[in-house]
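Text of start-v3.tsv (TSV, C-alpha atoms) as supplied:
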chain	number	residue	atom	x	y	z
A	1	MET	CA	5.45	10.77	-17.62
A	2	LYS	CA	8.76	9.70	-16.20
A	3	ALA	CA	8.16	10.88	-12.62
A	4	LEU	CA	4.84	9.05	-12.32
A	5	GLU	CA	6.18	5.83	-13.83
A	6	ARG	CA	9.15	5.97	-11.48
A	7	LEU	CA	6.84	6.32	-8.48
A	8	GLU	CA	4.59	3.46	-9.60
A	9	HIS	CA	7.67	1.31	-10.07
A	10	ALA	CA	8.85	2.14	-6.52
A	11	LEU	CA	5.38	1.47	-5.09
A	12	ARG	CA	5.22	-1.95	-6.75
A	13	ARG	CA	8.24	-3.07	-4.75
A	14	MET	CA	6.10	-2.93	-1.59
A	15	PRO	CA	4.43	-6.17	-0.41
A	16	GLY	CA	0.87	-6.74	-1.62
A	17	VAL	CA	0.96	-3.84	-4.08
A	18	GLY	CA	0.08	-4.79	-7.67
A	19	PRO	CA	-0.20	-2.51	-10.70
A	20	ARG	CA	-3.69	-1.19	-9.87
A	21	GLN	CA	-2.92	-0.52	-6.22
A	22	ALA	CA	0.30	1.23	-7.31
A	23	GLU	CA	-1.80	3.50	-9.55
A	24	ARG	CA	-4.19	4.25	-6.70
A	25	LEU	CA	-1.35	5.03	-4.32
A	26	ALA	CA	0.38	7.24	-6.90
A	27	SER	CA	-2.92	9.13	-7.30
A	28	TYR	CA	-3.08	9.52	-3.54
A	29	PHE	CA	0.34	11.19	-3.53
A	30	LEU	CA	-0.59	13.42	-6.48
A	31	ARG	CA	-3.74	14.60	-4.75
A	32	ALA	CA	-2.39	14.89	-1.22
A	33	ALA	CA	-1.36	18.27	0.12
A	34	GLN	CA	2.37	18.97	-0.09
A	35	GLY	CA	2.53	19.08	3.73
A	36	GLU	CA	0.93	15.64	4.07
A	37	VAL	CA	3.41	14.16	1.58
A	38	GLU	CA	6.32	15.75	3.42
A	39	GLU	CA	5.04	14.30	6.70
A	40	PHE	CA	4.89	10.89	5.03
A	41	VAL	CA	8.40	11.17	3.67
A	42	GLU	CA	9.73	12.30	7.05
A	43	ALA	CA	8.00	9.34	8.72
A	44	VAL	CA	9.66	6.91	6.29
A	45	LEU	CA	13.09	8.49	6.73
A	46	GLY	CA	12.54	8.78	10.50
A	47	VAL	CA	11.97	5.05	10.77
A	48	LYS	CA	15.14	4.31	8.82
A	49	LYS	CA	17.08	6.74	10.98
A	50	ASN	CA	15.71	5.94	14.44
A	51	VAL	CA	14.54	2.34	14.45
A	52	LYS	CA	17.27	-0.23	14.90
A	53	LEU	CA	17.45	-3.76	16.26
A	54	CYS	CA	17.63	-4.35	20.02
A	55	ARG	CA	21.16	-5.48	20.82
A	56	VAL	CA	19.85	-8.35	22.94
A	57	CYS	CA	16.73	-9.74	21.23
A	58	HIS	CA	16.89	-8.10	17.76
A	59	ALA	CA	13.35	-6.71	17.95
A	60	TYR	CA	12.78	-3.24	16.50
A	61	SER	CA	13.74	-0.59	19.00
A	62	GLU	CA	14.53	3.11	19.10
A	63	SER	CA	17.12	2.55	21.81
A	64	ASP	CA	20.06	0.16	22.09
A	65	ILE	CA	18.04	-2.21	24.24
A	66	CYS	CA	14.30	-2.60	23.70
A	67	SER	CA	11.73	-1.91	26.40
A	68	ILE	CA	11.04	-5.61	27.03
A	69	CYS	CA	14.71	-6.56	27.43
A	70	ALA	CA	15.20	-3.52	29.68
A	71	ASP	CA	12.18	-4.31	31.87
A	72	PRO	CA	13.41	-5.62	35.30
A	73	ASP	CA	10.06	-7.37	35.87
A	74	ARG	CA	10.41	-9.78	32.94
A	75	ASP	CA	11.47	-13.38	33.63
A	76	ARG	CA	15.01	-13.56	32.25
A	77	SER	CA	15.22	-17.35	32.51
A	78	ILE	CA	12.82	-17.96	29.64
A	79	ILE	CA	13.23	-16.92	26.02
A	80	CYS	CA	10.54	-17.10	23.37
A	81	VAL	CA	11.95	-17.38	19.84
A	82	VAL	CA	9.89	-15.80	17.04
A	83	GLU	CA	10.44	-15.31	13.32
A	84	ASP	CA	9.38	-11.69	12.97
A	85	PRO	CA	9.32	-8.60	15.17
A	86	GLN	CA	5.54	-8.26	14.68
A	87	ASP	CA	5.03	-11.67	16.32
A	88	ILE	CA	6.10	-10.13	19.65
A	89	GLU	CA	3.14	-7.78	19.72
A	90	SER	CA	0.74	-10.65	19.04
A	91	ILE	CA	2.20	-12.73	21.88
A	92	GLU	CA	2.29	-9.76	24.27
A	93	LYS	CA	-1.44	-9.27	23.69
A	94	THR	CA	-2.20	-12.76	25.02
A	95	GLY	CA	-0.79	-11.77	28.44
A	96	ALA	CA	0.34	-15.41	28.74
A	97	PHE	CA	4.07	-14.74	28.57
A	98	SER	CA	6.35	-12.68	30.80
A	99	GLY	CA	9.80	-13.80	29.65
A	100	LEU	CA	12.10	-12.34	27.00
A	101	TYR	CA	12.06	-12.73	23.22
A	102	HIS	CA	14.51	-13.54	20.48
A	103	VAL	CA	13.73	-12.50	16.90
A	104	LEU	CA	15.21	-14.67	14.16
A	105	HIS	CA	14.20	-12.33	11.31
A	106	GLY	CA	13.01	-15.16	9.15
A	107	ALA	CA	12.97	-18.94	9.16
A	108	ILE	CA	15.30	-21.52	7.72
A	109	SER	CA	14.09	-22.43	4.25
A	110	PRO	CA	16.05	-24.94	2.18
A	111	MET	CA	13.57	-24.33	-0.66
A	112	GLU	CA	14.50	-20.66	-0.81
A	113	GLY	CA	18.16	-21.29	-0.07
A	114	ARG	CA	17.94	-19.60	3.34
A	115	GLY	CA	20.14	-21.34	5.89
A	116	ALA	CA	20.80	-20.82	9.59
A	117	GLU	CA	23.39	-18.11	8.78
A	118	GLN	CA	20.71	-15.92	7.21
A	119	VAL	CA	18.66	-15.80	10.41
A	120	LYS	CA	19.76	-14.91	13.93
A	121	VAL	CA	20.54	-18.45	15.14
A	122	LYS	CA	24.19	-17.84	16.06
A	123	GLU	CA	23.08	-14.83	18.10
A	124	LEU	CA	20.55	-16.98	19.97
A	125	LEU	CA	23.14	-19.61	20.87
A	126	GLN	CA	25.64	-17.00	22.04
A	127	ARG	CA	22.94	-15.29	24.05
A	128	VAL	CA	21.90	-18.52	25.77
A	129	GLN	CA	25.51	-19.48	26.52
A	130	ASN	CA	26.52	-16.06	27.86
A	131	ALA	CA	23.30	-15.13	29.65
A	132	PRO	CA	23.92	-13.40	33.05
A	133	VAL	CA	20.82	-15.20	34.39
A	134	PRO	CA	20.89	-18.86	33.25
A	135	VAL	CA	18.23	-19.64	30.63
A	136	ARG	CA	15.95	-22.38	31.93
A	137	GLU	CA	13.64	-22.67	28.94
A	138	VAL	CA	13.49	-21.70	25.28
A	139	ILE	CA	10.03	-21.64	23.71
A	140	LEU	CA	10.13	-22.05	19.95
A	141	ALA	CA	7.29	-19.89	18.60
A	142	THR	CA	8.20	-20.00	14.92
A	143	ASP	CA	5.27	-20.15	12.47
A	144	PRO	CA	3.41	-23.48	12.24
A	145	ASP	CA	4.33	-23.96	8.58
A	146	THR	CA	7.05	-26.05	6.90
A	147	GLU	CA	9.78	-23.44	7.33
A	148	GLY	CA	8.84	-22.67	10.91
A	149	GLU	CA	8.75	-26.39	11.83
A	150	THR	CA	12.11	-26.97	10.14
A	151	THR	CA	13.57	-24.06	12.06
A	152	ALA	CA	12.09	-25.30	15.36
A	153	LEU	CA	13.52	-28.79	14.87
A	154	TYR	CA	16.91	-27.37	13.94
A	155	LEU	CA	16.98	-25.07	16.97
A	156	ALA	CA	15.74	-27.80	19.34
A	157	ASP	CA	18.68	-29.93	18.25
A	158	LEU	CA	21.18	-27.14	18.93
A	159	LEU	CA	19.61	-26.10	22.25
A	160	HIS	CA	19.30	-29.53	23.89
A	161	GLY	CA	22.13	-29.64	26.41
A	162	LEU	CA	22.41	-25.84	26.57
A	163	VAL	CA	19.08	-25.30	28.34
A	164	GLU	CA	16.94	-27.39	30.65
A	165	ARG	CA	13.80	-27.30	28.51
A	166	VAL	CA	13.18	-26.66	24.83
A	167	THR	CA	9.47	-26.33	24.07
A	168	ARG	CA	7.34	-25.68	21.01
A	169	ILE	CA	4.08	-23.74	21.16
A	170	GLY	CA	1.43	-26.36	20.59
A	171	TYR	CA	-2.20	-26.52	21.44
A	172	GLY	CA	-4.36	-24.36	19.27
A	173	VAL	CA	-1.95	-23.31	16.57
A	174	PRO	CA	-3.61	-24.17	13.24
A	175	LEU	CA	-1.26	-25.83	10.74
A	176	GLY	CA	-0.22	-23.84	7.68
A	177	GLY	CA	-0.96	-20.55	9.43
A	178	ASP	CA	1.03	-17.47	10.26
A	179	ILE	CA	1.59	-16.64	13.95
A	180	ASP	CA	1.09	-13.02	13.22
A	181	TYR	CA	-2.54	-13.58	12.13
A	182	ILE	CA	-3.78	-15.82	14.93
A	183	ASP	CA	-6.34	-14.52	17.44
A	184	GLU	CA	-5.12	-13.81	20.98
A	185	MET	CA	-7.21	-16.58	22.57
A	186	THR	CA	-5.75	-19.35	20.40
A	187	LEU	CA	-2.27	-18.00	20.77
A	188	GLY	CA	-2.69	-17.82	24.56
A	189	TYR	CA	-3.76	-21.49	24.62
A	190	SER	CA	-0.85	-22.47	22.42
A	191	LEU	CA	1.56	-20.89	24.90
A	192	LYS	CA	-0.01	-22.60	27.92
A	193	GLY	CA	-0.24	-25.97	26.13
A	194	ARG	CA	3.36	-25.97	24.89
A	195	THR	CA	5.05	-29.36	24.69
A	196	LYS	CA	8.61	-30.50	25.36
A	197	MET	CA	10.71	-31.28	22.29
B	1	MET	CA	8.28	3.26	19.30
B	2	LYS	CA	7.30	6.73	18.17
B	3	ALA	CA	8.93	6.61	14.73
B	4	LEU	CA	7.25	3.34	13.78
B	5	GLU	CA	3.83	4.44	15.01
B	6	ARG	CA	4.19	7.67	13.11
B	7	LEU	CA	4.97	5.79	9.90
B	8	GLU	CA	2.06	3.37	10.36
B	9	HIS	CA	-0.20	6.34	10.92
B	10	ALA	CA	1.02	7.98	7.70
B	11	LEU	CA	0.65	4.72	5.77
B	12	ARG	CA	-2.95	4.30	6.93
B	13	ARG	CA	-3.89	7.54	5.21
B	14	MET	CA	-3.29	5.83	1.86
B	15	PRO	CA	-6.29	4.31	0.06
B	16	GLY	CA	-6.91	0.60	0.72
B	17	VAL	CA	-4.35	0.40	3.53
B	18	GLY	CA	-5.74	-0.96	6.83
B	19	PRO	CA	-3.85	-1.58	10.08
B	20	ARG	CA	-2.34	-4.92	8.97
B	21	GLN	CA	-1.24	-3.68	5.57
B	22	ALA	CA	0.26	-0.60	7.28
B	23	GLU	CA	2.29	-2.96	9.51
B	24	ARG	CA	3.46	-4.95	6.49
B	25	LEU	CA	4.45	-1.81	4.61
B	26	ALA	CA	6.28	-0.41	7.65
B	27	SER	CA	8.18	-3.72	7.87
B	28	TYR	CA	9.06	-3.38	4.21
B	29	PHE	CA	10.63	0.02	4.84
B	30	LEU	CA	12.48	-1.27	7.93
B	31	ARG	CA	13.97	-4.16	5.96
B	32	ALA	CA	14.66	-2.35	2.71
B	33	ALA	CA	18.16	-1.12	1.94
B	34	GLN	CA	18.72	2.56	2.70
B	35	GLY	CA	19.32	3.21	-1.02
B	36	GLU	CA	16.00	1.63	-2.00
B	37	VAL	CA	14.15	3.74	0.58
B	38	GLU	CA	15.87	6.90	-0.66
B	39	GLU	CA	14.89	6.04	-4.24
B	40	PHE	CA	11.30	5.63	-3.06
B	41	VAL	CA	11.30	8.96	-1.24
B	42	GLU	CA	12.81	10.71	-4.25
B	43	ALA	CA	10.15	9.18	-6.49
B	44	VAL	CA	7.39	10.49	-4.20
B	45	LEU	CA	8.91	13.97	-4.00
B	46	GLY	CA	9.69	13.92	-7.73
B	47	VAL	CA	6.05	13.34	-8.56
B	48	LYS	CA	4.97	16.22	-6.33
B	49	LYS	CA	7.59	18.46	-7.90
B	50	ASN	CA	7.30	17.54	-11.57
B	51	VAL	CA	3.75	16.35	-12.20
B	52	LYS	CA	1.19	19.10	-12.61
B	53	LEU	CA	-2.15	19.39	-14.36
B	54	CYS	CA	-2.28	20.05	-18.10
B	55	ARG	CA	-3.41	23.65	-18.58
B	56	VAL	CA	-5.97	22.55	-21.18
B	57	CYS	CA	-7.48	19.23	-20.07
B	58	HIS	CA	-6.27	18.96	-16.42
B	59	ALA	CA	-4.76	15.49	-16.90
B	60	TYR	CA	-1.48	14.82	-15.09
B	61	SER	CA	1.42	16.11	-17.12
B	62	GLU	CA	5.08	16.95	-16.67
B	63	SER	CA	4.78	19.87	-19.08
B	64	ASP	CA	2.36	22.79	-19.26
B	65	ILE	CA	0.32	21.03	-21.93
B	66	CYS	CA	-0.01	17.24	-21.92
B	67	SER	CA	1.08	15.04	-24.81
B	68	ILE	CA	-2.51	14.39	-25.97
B	69	CYS	CA	-3.50	18.07	-26.02
B	70	ALA	CA	-0.24	18.89	-27.81
B	71	ASP	CA	-0.67	16.16	-30.44
B	72	PRO	CA	-1.59	17.80	-33.80
B	73	ASP	CA	-3.16	14.52	-35.01
B	74	ARG	CA	-5.92	14.45	-32.37
B	75	ASP	CA	-9.43	15.55	-33.36
B	76	ARG	CA	-9.90	18.88	-31.59
B	77	SER	CA	-13.63	19.03	-32.28
B	78	ILE	CA	-14.50	16.28	-29.82
B	79	ILE	CA	-13.90	16.24	-26.08
B	80	CYS	CA	-14.32	13.23	-23.82
B	81	VAL	CA	-15.06	14.19	-20.21
B	82	VAL	CA	-13.76	11.82	-17.51
B	83	GLU	CA	-13.75	11.89	-13.72
B	84	ASP	CA	-10.16	10.86	-13.08
B	85	PRO	CA	-6.83	11.11	-14.88
B	86	GLN	CA	-6.45	7.32	-14.81
B	87	ASP	CA	-9.60	6.97	-16.92
B	88	ILE	CA	-7.72	8.48	-19.86
B	89	GLU	CA	-5.27	5.59	-20.01
B	90	SER	CA	-8.14	3.08	-19.99
B	91	ILE	CA	-9.90	4.86	-22.86
B	92	GLU	CA	-6.67	5.29	-24.83
B	93	LYS	CA	-6.13	1.53	-24.65
B	94	THR	CA	-9.41	0.89	-26.48
B	95	GLY	CA	-8.07	2.74	-29.55
B	96	ALA	CA	-11.68	3.85	-30.17
B	97	PHE	CA	-11.15	7.54	-29.47
B	98	SER	CA	-8.91	10.10	-31.13
B	99	GLY	CA	-10.27	13.36	-29.69
B	100	LEU	CA	-9.20	15.33	-26.63
B	101	TYR	CA	-10.04	14.81	-22.96
B	102	HIS	CA	-11.25	16.87	-20.06
B	103	VAL	CA	-10.63	15.66	-16.51
B	104	LEU	CA	-13.17	16.75	-13.89
B	105	HIS	CA	-11.14	15.42	-10.94
B	106	GLY	CA	-14.17	13.91	-9.29
B	107	ALA	CA	-17.91	13.83	-9.76
B	108	ILE	CA	-20.71	15.93	-8.37
B	109	SER	CA	-21.99	14.25	-5.20
B	110	PRO	CA	-24.80	15.91	-3.23
B	111	MET	CA	-24.47	13.09	-0.66
B	112	GLU	CA	-20.86	14.05	0.04
B	113	GLY	CA	-21.53	17.77	-0.31
B	114	ARG	CA	-19.43	18.01	-3.49
B	115	GLY	CA	-20.91	20.51	-5.94
B	116	ALA	CA	-19.96	21.62	-9.45
B	117	GLU	CA	-17.46	24.12	-8.00
B	118	GLN	CA	-15.37	21.30	-6.51
B	119	VAL	CA	-14.82	19.67	-9.92
B	120	LYS	CA	-13.55	21.22	-13.14
B	121	VAL	CA	-16.95	22.09	-14.65
B	122	LYS	CA	-16.35	25.83	-15.02
B	123	GLU	CA	-13.09	25.04	-16.82
B	124	LEU	CA	-14.93	22.72	-19.24
B	125	LEU	CA	-17.52	25.38	-20.14
B	126	GLN	CA	-14.85	28.03	-20.65
B	127	ARG	CA	-12.84	25.65	-22.75
B	128	VAL	CA	-15.80	24.78	-24.96
B	129	GLN	CA	-16.78	28.45	-25.37
B	130	ASN	CA	-13.27	29.68	-26.14
B	131	ALA	CA	-12.01	26.72	-28.19
B	132	PRO	CA	-9.93	27.79	-31.25
B	133	VAL	CA	-11.42	24.85	-33.18
B	134	PRO	CA	-15.21	24.70	-32.48
B	135	VAL	CA	-16.21	21.74	-30.34
B	136	ARG	CA	-18.70	19.61	-32.23
B	137	GLU	CA	-19.29	16.93	-29.61
B	138	VAL	CA	-18.75	16.35	-25.90
B	139	ILE	CA	-18.77	12.71	-24.77
B	140	LEU	CA	-19.63	12.33	-21.09
B	141	ALA	CA	-17.55	9.38	-19.87
B	142	THR	CA	-18.14	9.80	-16.15
B	143	ASP	CA	-18.48	6.59	-14.12
B	144	PRO	CA	-21.77	4.66	-14.53
B	145	ASP	CA	-22.71	5.11	-10.86
B	146	THR	CA	-25.06	7.57	-9.13
B	147	GLU	CA	-22.51	10.36	-8.89
B	148	GLY	CA	-21.29	9.89	-12.45
B	149	GLU	CA	-24.86	9.86	-13.81
B	150	THR	CA	-25.74	12.97	-11.80
B	151	THR	CA	-22.67	14.70	-13.16
B	152	ALA	CA	-23.45	13.64	-16.74
B	153	LEU	CA	-27.04	14.94	-16.51
B	154	TYR	CA	-25.84	18.20	-15.00
B	155	LEU	CA	-23.19	18.70	-17.69
B	156	ALA	CA	-25.57	17.72	-20.52
B	157	ASP	CA	-27.92	20.47	-19.35
B	158	LEU	CA	-25.15	23.06	-19.36
B	159	LEU	CA	-23.67	21.95	-22.68
B	160	HIS	CA	-26.86	21.80	-24.77
B	161	GLY	CA	-26.75	24.91	-26.92
B	162	LEU	CA	-22.99	25.28	-26.57
B	163	VAL	CA	-22.12	22.21	-28.66
B	164	GLU	CA	-23.85	20.34	-31.46
B	165	ARG	CA	-23.90	16.96	-29.74
B	166	VAL	CA	-23.68	15.90	-26.11
B	167	THR	CA	-23.34	12.14	-25.78
B	168	ARG	CA	-23.03	9.63	-22.94
B	169	ILE	CA	-20.99	6.45	-23.24
B	170	GLY	CA	-23.54	3.75	-23.31
B	171	TYR	CA	-23.55	0.22	-24.61
B	172	GLY	CA	-21.56	-2.16	-22.50
B	173	VAL	CA	-20.89	-0.11	-19.41
B	174	PRO	CA	-22.12	-2.17	-16.44
B	175	LEU	CA	-24.11	-0.17	-13.88
B	176	GLY	CA	-22.51	0.49	-10.50
B	177	GLY	CA	-19.03	0.02	-11.92
B	178	ASP	CA	-15.94	2.15	-12.12
B	179	ILE	CA	-14.72	3.19	-15.59
B	180	ASP	CA	-11.20	2.68	-14.51
B	181	TYR	CA	-11.75	-1.08	-13.96
B	182	ILE	CA	-13.62	-1.99	-17.13
B	183	ASP	CA	-11.99	-4.17	-19.77
B	184	GLU	CA	-10.90	-2.52	-23.01
B	185	MET	CA	-13.43	-4.42	-25.15
B	186	THR	CA	-16.46	-3.29	-23.14
B	187	LEU	CA	-15.14	0.24	-22.93
B	188	GLY	CA	-14.53	0.29	-26.69
B	189	TYR	CA	-18.14	-0.82	-27.32
B	190	SER	CA	-19.43	1.78	-24.93
B	191	LEU	CA	-17.64	4.50	-26.89
B	192	LYS	CA	-18.94	3.28	-30.25
B	193	GLY	CA	-22.49	2.80	-28.91
B	194	ARG	CA	-22.73	6.20	-27.25
B	195	THR	CA	-26.19	7.80	-27.29
B	196	LYS	CA	-27.35	11.41	-27.68
B	197	MET	CA	-28.50	13.12	-24.48
Step by step, read the file and then write its structure as structure tokens.
Amino acid sequence: MKALERLEHALRRMPGVGPRQAERLASYFLRAAQGEVEEFVEAVLGVKKNVKLCRVCHAYSESDICSICADPDRDRSIICVVEDPQDIESIEKTGAFSGLYHVLHGAISPMEGRGAEQVKVKELLQRVQNAPVPVREVILATDPDTEGETTALYLADLLHGLVERVTRIGYGVPLGGDIDYIDEMTLGYSLKGRTKM
Amino acid sequence: MKALERLEHALRRMPGVGPRQAERLASYFLRAAQGEVEEFVEAVLGVKKNVKLCRVCHAYSESDICSICADPDRDRSIICVVEDPQDIESIEKTGAFSGLYHVLHGAISPMEGRGAEQVKVKELLQRVQNAPVPVREVILATDPDTEGETTALYLADLLHGLVERVTRIGYGVPLGGDIDYIDEMTLGYSLKGRTKM
């Protein structure tokens, strides 16, 4: 059963999919109507074809510049730095932030051999230095875990002198958590209660 | 973000995938190398193209007749009836069975409006009646839950008179479980301790 084994192997590369879940998903594809499977495949290929990174903030976007960066009503003097594109949606839901974002696409992790070059740090510094509207504040909203804290400290060091205020989201963020999983209320508090670094 | 929403929508159709897992999986596709995504898509389409149902037992197979049905060393006088193709692998692992299989592709469920016509019952009866080697025994290895028991009782009724022995896997199968998740030891016992219906 080469075709089935090949599919299960491909499915197991996805996050959170073990051998049993791979079997269940393979069964789903076997049972699904041909049209449904083709829709799925087109959706996967469509994302690869159409979704790119915003040229300014590196969030996922179907155009050169994402809708937040292109929005004239956003406060361009404040940038909130996050690890992952999904974090933006969580922060947007709090309604507590009206500035722009910058997505690092990861955090610095000496344990995993991931340095500043592997995440979008250089791009952040260039962006701050060349911003048409001067950046007054950078909020560091990396995850409240070891890697996120390391990254925040590293960035704070680089940004002092370039911007007036470097802040870290504070109040309410539980230690060891993942920004992406925190409820809107807590995350809203953590934005309001941010502290200077 | 139409493309991304479309993909998340397609992902949520898969079993066990909620909104957060759909987001994680979509991220996986966004980050994965184009080649890896193409491999995945080819594996999905390959399964739809190459995997069909065995003409005899209705298990998944890449040829007209599956490897078990085609194996001259299997005991053709005994058929083990299962709900799902995956159940075969679990039973094969016990090493306690050397006959043939018959896959129903589901169970009879009055609650969900699924009758005998929606599963491969007619095919089982025809197979038993027209078998080149007379079928001496049918083992009913449907899941030990309400639907599986209902199906077993229904099939036992139809099969009495057509075959010498109709048996139900018994000893060791925990009630309310799913055959597919039971350890090999228990499943082996349940095959050896099967009882006449």
Check: Between A:Ile91, A:Cys80, A:Gly18, A:Ile169, which is the closest to A:Lys192 once you count only C-alpha atoms?
Finding: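 Smallest distance to A:Lys192 is found for A:Ile169.
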Note to self: Let me make sure I understand: among A:Ala22, A:Val44, A:Val17, A:Leu191, which one has the smallest atom-to-atom distance to chain B if we use all atoms listed in the file?
What the structure shows: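 Smallest separation from chain B among the options: A:Val44.
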Next item on the list: Show which residues sit within 6 Å of stretch 106-121 of chain B, as a PyMOL selection string. Count only C-alpha atoms, and ignore same-chain residues fewer than 2 positions away.
Entry: chain B and resi 83+104+123-124+147-148+151
Hey, can you spit out that residue selection with C-alpha atoms as a CSV table (one decimal), in the coordinates of the input?
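So the final result, stored in result-v9.csv, reads:
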chain,number,residue,atom,x,y,z
B,83,GLU,CA,-13.8,11.9,-13.7
B,104,LEU,CA,-13.2,16.8,-13.9
B,123,GLU,CA,-13.1,25.0,-16.8
B,124,LEU,CA,-14.9,22.7,-19.2
B,147,GLU,CA,-22.5,10.4,-8.9
B,148,GLY,CA,-21.3,9.9,-12.4
B,151,THR,CA,-22.7,14.7,-13.2
Margin query: For a quick test of understanding: name the residues of chain A lying within 7 Å of chain B when counting only C-alpha atoms, and present them as a list in words.
Written below: Met1, Ala3, Leu4, Arg6, Leu7, Ala10, Met14, Pro15, Leu25, Tyr28, Leu30, Phe40, Val41, Ala43, Val44, Gly46, Val47, Lys48, Asn50, Ser61 and Glu62 of chain A
Checklist line | Coordinates-based distance that separates atom CA of A:Ala70 from atom CA of A:Cys57 (Å, one decimal) | finding: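 Straight-line distance from atom CA of A:Cys57 to atom CA of A:Ala70 works out to 10.6 Å.
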Next item on the list: For the point (-7.7, 14.4, -33.5) in the file's frame, write as JSON, numbers by chain all residues with an atom no more than 12 Å away, counting only C-alpha atoms.
Entry: {"B": [68, 69, 70, 71, 72, 73, 74, 75, 76, 77, 78, 79, 80, 96, 97, 98, 99, 100, 101, 133, 135]}
Item checked: Coordinates-based distance that separates atom CA of B:Pro144 from atom CA of B:Gln126 (Å, one decimal) ->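 These two atoms are separated by 25.1 Å.
The interatomic distance for the pair atom CA of B:Ile139 and atom CA of B:Glu184 works out to 17.2 Å.
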Extending 8 Å beyond the listed atoms of stretch 123-136 of chain B on each side, what axis-aligned box results? I want centre and edge lengths in Å to one decimal, as JSON.
{"center_x": -14.3, "center_y": 24.6, "center_z": -25.0, "size_x": 24.8, "size_y": 26.1, "size_z": 32.4}
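Near B:Lys93, within 10 Å and counting only C-alpha atoms, sit Ile88, Glu89, Phe97, Asp183, Glu184, Met185, Leu187 and Gly188 of chain B; same-chain residues fewer than 4 positions away were not included.
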